[in-house]
Amino acid sequence: MTLTNEIDRLVEELIRSLQHLARSGFSGFDCDPATLTVLESWSRPTQPQVKDRVAGHAPRRPERLPAIADALKDCQRCRLSRNRNCLVFGSGNPKAELMFVGEGPGYEEDKQGQPFVGAAGQLLTRIIAAMKLTREAVYICNVVKCRPPGNRNPEADEIRTCLPFLERQIQAVRPRVICALGNVAVRSLLGTQLPVSRLRGRFHDHHGIPVMPTYHPAYLLRNPAKKREVWEDVQKIMRILEEGA
C-alpha cells in the first residue's frame, strides 16, 4: 500500500468515527489523556509498524480496566450521580472474547454495585450458560454506570457523558464480539436510531469489532416469545467464537 493510499484510508476511518460520534449526539470530547489515547488508537494498527520495530519502539500498552474504574470513582459528571447508591462499572474477564453491553443499572445493581444481578441478570446468566460459557468468562457492563431514576431510559446527555468510558472499556478488553442488549446499547454503539427489531439477526461493525444487537433480558421477561430470536442471535455469536477456538 502506498503512503497516499494509507493516508486516504486513515482519513476515511476518521470521517466514519466522527460521523458515528455526531450521530450519537457528541459536540466535543472528554479530553483527558486516557480518552485521547483511546481516540488515537482507533486509527492505529494493532501491530507495531516496521519503522517502530526497527527503531526499537515498543507498542503502546492498552489501558487497563482498573485505571478506567479509578477515573470514574465518585463520578459527578451528570445528574445520575445525585441519587445513586453505587456506581456500577462492570464485571467479568478483563480479556473476555465476548462482551455484553446493556443499558444501565437497575434497583438491584444500584444496591450491589454489580451489573445484571436482578431478575434480568438471572436470565442473562441462563443465556450465557446456554452458550456453554460462564459469567466469569465474559465481560458485562452498561452504557451508563449509574441507575436512572425509576429505571427510565438514560437521557442523551447522560449517554454522552458515559459513552467515552464504555469505549475505553471496549478498548481495554478488546473482545472478539460484542452483544448489545436493547435499544439504548445498540443505538449508542452503532450510532443509529433504528430499533433492535430491525437490526438483530446480523452483525454490525463497531471500530472493527462485530456487534450483534439483540433484545434486552428485561424485555424478554415481558415478552417471552422473543426468547427464540435471542437464541438465534447468540448462536451466531457462538459460531464466531468457535471459529477462533
# chains A, B, ... in the order shown; residues from 1 in each chain; ligands from 1
>>> closest_atom_pairs(of="range 88-199 of chain A", to="range 65-70 of chain A", cutoff="8 Å", atoms="only C-alpha atoms", output="CSV")
residue,atom,partner,partner_atom,distance
A:Phe89,CA,A:Ala69,CA,6.5
A:Pro94,CA,A:Leu65,CA,7.1
A:Phe165,CA,A:Ile68,CA,7.1
A:Arg168,CA,A:Ile68,CA,7.2
A:Gln169,CA,A:Leu65,CA,6.4
A:Ala172,CA,A:Leu65,CA,6.2
A:Val173,CA,A:Leu65,CA,7.7
>>> write_last_selection(atoms="N, CA and C atoms", output="PDB file, in the first residue's frame")
ATOM      1  N   PHE A  89     -19.634  -0.344  37.488  1.00  0.00           N
ATOM      2  CA  PHE A  89     -18.635  -0.242  36.425  1.00  0.00           C
ATOM      3  C   PHE A  89     -18.734  -1.385  35.425  1.00  0.00           C
ATOM      4  N   PRO A  94     -11.342  -9.654  32.223  1.00  0.00           N
ATOM      5  CA  PRO A  94     -10.800  -8.455  31.575  1.00  0.00           C
ATOM      6  C   PRO A  94     -10.218  -8.734  30.197  1.00  0.00           C
ATOM      7  N   PHE A 165     -16.325   6.364  28.507  1.00  0.00           N
ATOM      8  CA  PHE A 165     -15.824   5.348  29.431  1.00  0.00           C
ATOM      9  C   PHE A 165     -16.153   3.944  28.935  1.00  0.00           C
ATOM     10  N   ARG A 168     -13.619   3.176  26.358  1.00  0.00           N
ATOM     11  CA  ARG A 168     -12.350   2.801  26.993  1.00  0.00           C
ATOM     12  C   ARG A 168     -12.391   1.370  27.517  1.00  0.00           C
ATOM     13  N   GLN A 169     -13.548   0.957  28.041  1.00  0.00           N
ATOM     14  CA  GLN A 169     -13.689  -0.438  28.476  1.00  0.00           C
ATOM     15  C   GLN A 169     -13.536  -1.392  27.296  1.00  0.00           C
ATOM     16  N   ALA A 172      -9.976  -1.638  26.337  1.00  0.00           N
ATOM     17  CA  ALA A 172      -9.183  -2.375  27.330  1.00  0.00           C
ATOM     18  C   ALA A 172      -9.404  -3.877  27.210  1.00  0.00           C
ATOM     19  N   VAL A 173     -10.664  -4.296  27.052  1.00  0.00           N
ATOM     20  CA  VAL A 173     -10.982  -5.729  26.971  1.00  0.00           C
ATOM     21  C   VAL A 173     -10.615  -6.287  25.597  1.00  0.00           C
TER      22      VAL A 173
END
>>> closest_residue(among="A:Arg239, A:Asp233, A:Asn142, A:Arg84", to="Tyr107 in chain A", atoms="only C-alpha atoms")
A:Arg84
>>> select_by_dssp(residues="range 52-190 of chain A", states="strand (DSSP E or B)", output="count of residues only")
16
>>> closest_residue(among="A:Leu166, A:Val88, A:Ala137, A:Leu190", to="Lys111 in chain A", atoms="only C-alpha atoms")
A:Val88
>>> residues_around(residues="Glu109 in chain A", least_positions_apart="3", cutoff="10 Å", atoms="only C-alpha atoms", output="MDAnalysis selection string")
chainID A and resid 85:88 104:106 112:118 121 145:147
>>> write_last_selection(atoms="C-alpha atoms", output="short mmCIF file (atom, residue, chain, number, x, y, z; two decimals), in the first residue's frame")
data_model
loop_
_atom_site.label_atom_id
_atom_site.label_comp_id
_atom_site.auth_asym_id
_atom_site.auth_seq_id
_atom_site.Cartn_x
_atom_site.Cartn_y
_atom_site.Cartn_z
CA ASN A 85 -26.11 4.19 45.84
CA CYS A 86 -23.36 2.51 43.83
CA LEU A 87 -21.58 3.26 40.61
CA VAL A 88 -21.78 0.05 38.53
CA GLY A 104 -27.83 0.88 32.75
CA PRO A 105 -28.08 -0.39 36.32
CA GLY A 106 -31.44 -1.23 37.87
CA GLN A 112 -25.00 -4.28 44.95
CA GLY A 113 -22.67 -2.35 42.63
CA GLN A 114 -22.61 -5.19 40.07
CA PRO A 115 -24.20 -5.34 36.59
CA PHE A 116 -27.11 -7.63 35.76
CA VAL A 117 -27.81 -9.16 39.17
CA GLY A 118 -31.59 -8.66 39.30
CA GLY A 121 -29.47 -10.53 35.18
CA LYS A 145 -22.84 3.45 35.07
CA CYS A 146 -25.45 4.94 37.44
CA ARG A 147 -29.10 3.98 37.77
#
>>> select_by_dssp(residues="range 50-132 of chain A", states="helix (DSSP H, G or I)", output="PyMOL selection string")
chain A and resi 50-55+65-72+79-82+107-112+119-130
>>> write_last_selection(atoms="C-alpha atoms", output="PDB file, in the first residue's frame")
ATOM      1  CA  VAL A  50       8.027  -1.836  10.707  1.00  0.00           C
ATOM      2  CA  LYS A  51       9.578   1.547  11.408  1.00  0.00           C
ATOM      3  CA  ASP A  52       8.746   1.241  15.111  1.00  0.00           C
ATOM      4  CA  ARG A  53      10.209  -2.270  15.304  1.00  0.00           C
ATOM      5  CA  VAL A  54      13.407  -1.160  13.608  1.00  0.00           C
ATOM      6  CA  ALA A  55      13.733   1.809  15.940  1.00  0.00           C
ATOM      7  CA  LEU A  65      -9.849  -1.691  33.424  1.00  0.00           C
ATOM      8  CA  PRO A  66      -8.794  -0.740  36.989  1.00  0.00           C
ATOM      9  CA  ALA A  67      -7.410   2.556  35.680  1.00  0.00           C
ATOM     10  CA  ILE A  68     -10.715   3.321  33.935  1.00  0.00           C
ATOM     11  CA  ALA A  69     -12.675   2.381  37.054  1.00  0.00           C
ATOM     12  CA  ASP A  70     -10.440   4.666  39.091  1.00  0.00           C
ATOM     13  CA  ALA A  71     -11.132   7.537  36.678  1.00  0.00           C
ATOM     14  CA  LEU A  72     -14.861   7.020  37.293  1.00  0.00           C
ATOM     15  CA  ARG A  79     -27.303  14.176  37.155  1.00  0.00           C
ATOM     16  CA  LEU A  80     -27.458  10.387  37.508  1.00  0.00           C
ATOM     17  CA  SER A  81     -24.851  10.636  40.259  1.00  0.00           C
ATOM     18  CA  ARG A  82     -27.233  12.521  42.562  1.00  0.00           C
ATOM     19  CA  TYR A 107     -32.524  -1.375  41.506  1.00  0.00           C
ATOM     20  CA  GLU A 108     -30.524  -4.472  42.493  1.00  0.00           C
ATOM     21  CA  GLU A 109     -27.474  -3.374  40.514  1.00  0.00           C
ATOM     22  CA  ASP A 110     -27.519   0.027  42.197  1.00  0.00           C
ATOM     23  CA  LYS A 111     -27.729  -1.691  45.574  1.00  0.00           C
ATOM     24  CA  GLN A 112     -24.997  -4.285  44.953  1.00  0.00           C
ATOM     25  CA  ALA A 119     -34.247 -10.712  37.530  1.00  0.00           C
ATOM     26  CA  ALA A 120     -32.984  -9.667  34.086  1.00  0.00           C
ATOM     27  CA  GLY A 121     -29.468 -10.530  35.177  1.00  0.00           C
ATOM     28  CA  GLN A 122     -30.527 -14.004  36.226  1.00  0.00           C
ATOM     29  CA  LEU A 123     -31.988 -14.533  32.758  1.00  0.00           C
ATOM     30  CA  LEU A 124     -28.758 -13.267  31.195  1.00  0.00           C
ATOM     31  CA  THR A 125     -26.841 -15.771  33.309  1.00  0.00           C
ATOM     32  CA  ARG A 126     -29.020 -18.553  31.889  1.00  0.00           C
ATOM     33  CA  ILE A 127     -28.423 -17.292  28.347  1.00  0.00           C
ATOM     34  CA  ILE A 128     -24.670 -17.304  28.967  1.00  0.00           C
ATOM     35  CA  ALA A 129     -24.875 -20.831  30.387  1.00  0.00           C
ATOM     36  CA  ALA A 130     -26.805 -21.960  27.288  1.00  0.00           C
TER      37      ALA A 130
END
>>> residues_around(residues="Ile237 in chain A", least_positions_apart="5", cutoff="9 Å", atoms="only C-alpha atoms", output="JSON, numbers by chain")
{"A": [98, 131, 177, 178, 179, 203, 212, 242]}
>>> write_last_selection(atoms="N, CA and C atoms", output="short mmCIF file (atom, residue, chain, number, x, y, z; two decimals), in the first residue's frame")
data_model
loop_
_atom_site.label_atom_id
_atom_site.label_comp_id
_atom_site.auth_asym_id
_atom_site.auth_seq_id
_atom_site.Cartn_x
_atom_site.Cartn_y
_atom_site.Cartn_z
N LEU A 98 -15.99 -12.26 24.58
CA LEU A 98 -17.37 -11.81 24.40
C LEU A 98 -17.71 -10.77 25.46
N MET A 131 -24.93 -20.82 26.23
CA MET A 131 -23.85 -20.66 25.27
C MET A 131 -22.61 -21.47 25.66
N VAL A 177 -16.20 -10.22 20.04
CA VAL A 177 -17.60 -9.95 19.69
C VAL A 177 -18.24 -9.16 20.82
N ILE A 178 -19.14 -8.24 20.46
CA ILE A 178 -19.97 -7.53 21.44
C ILE A 178 -21.42 -7.92 21.19
N CYS A 179 -22.12 -8.25 22.27
CA CYS A 179 -23.57 -8.46 22.21
C CYS A 179 -24.23 -7.25 22.85
N PHE A 203 -24.64 -9.20 12.09
CA PHE A 203 -23.58 -8.45 12.76
C PHE A 203 -23.42 -7.07 12.13
N MET A 212 -23.49 -7.84 17.70
CA MET A 212 -24.79 -8.48 17.48
C MET A 212 -25.84 -7.80 18.35
N GLU A 242 -16.46 -20.05 18.21
CA GLU A 242 -15.96 -21.40 17.93
C GLU A 242 -14.96 -21.42 16.79
#
